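Since the structure comes first, as structure tokens, the remarks are kept for the end.
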Amino acid sequence: MTKSELSKSLIYVNGTRDKRIEVTQIVLDNPHLISPLLEISFEDNVEISSKACWILEFVAKKNIQLILTHIDAFTLGISKVQLDSSVRPVAKICELLMKAFFLNQKMKFR
């Protein structure tokens, strides 16, 4: 799947959990799609950027490691997010990253 095909899939994502899970599973099955998903997420003021952020959040909940492998792109893109419907999922991903970090730190000290 290419970036343009991923963009087309995101057009059909709506507020229902089923549609979000469907596209999330595509990304989880094809980890190479994380990079184009991040690009789309940070193309702010584009209608599908919020939908891409929703999918990115669902991916992070299922497999935070996929976000960690692209942490530089993620952290650089955070400042570009301005749409309210994108800010919330990006903030949630930040929360998941912090929880994973501190959980890992606790494990090291045991």
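In the structure tokens, the first chain shown is A, the next is B, and so on; residue numbers restart at 1 for each chain, and ligands run from 1 in the order shown.
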Within 12 Å of range 87-100 of chain A using only C-alpha atoms, minus same-chain residues under 6 positions, as a ChimeraX atom specification
/A:38,41-42,44-45,49-69,71,74-75,77-81,106-107
Can you tell me which residues surround Lys8 in chain A at a distance of at most 12 Å, considering only C-alpha atoms, apart from same-chain residues fewer than 6 positions away, and format the answer as a ChimeraX atom specification?
/A:1-2,23,37,40,47-49,51-52
I need the residues in chain A that are helix (DSSP H, G or I) according to DSSP; give them as a ChimeraX atom specification.
/A:3-11,17-29,31-41,47-62,64-68,71-78,84-109
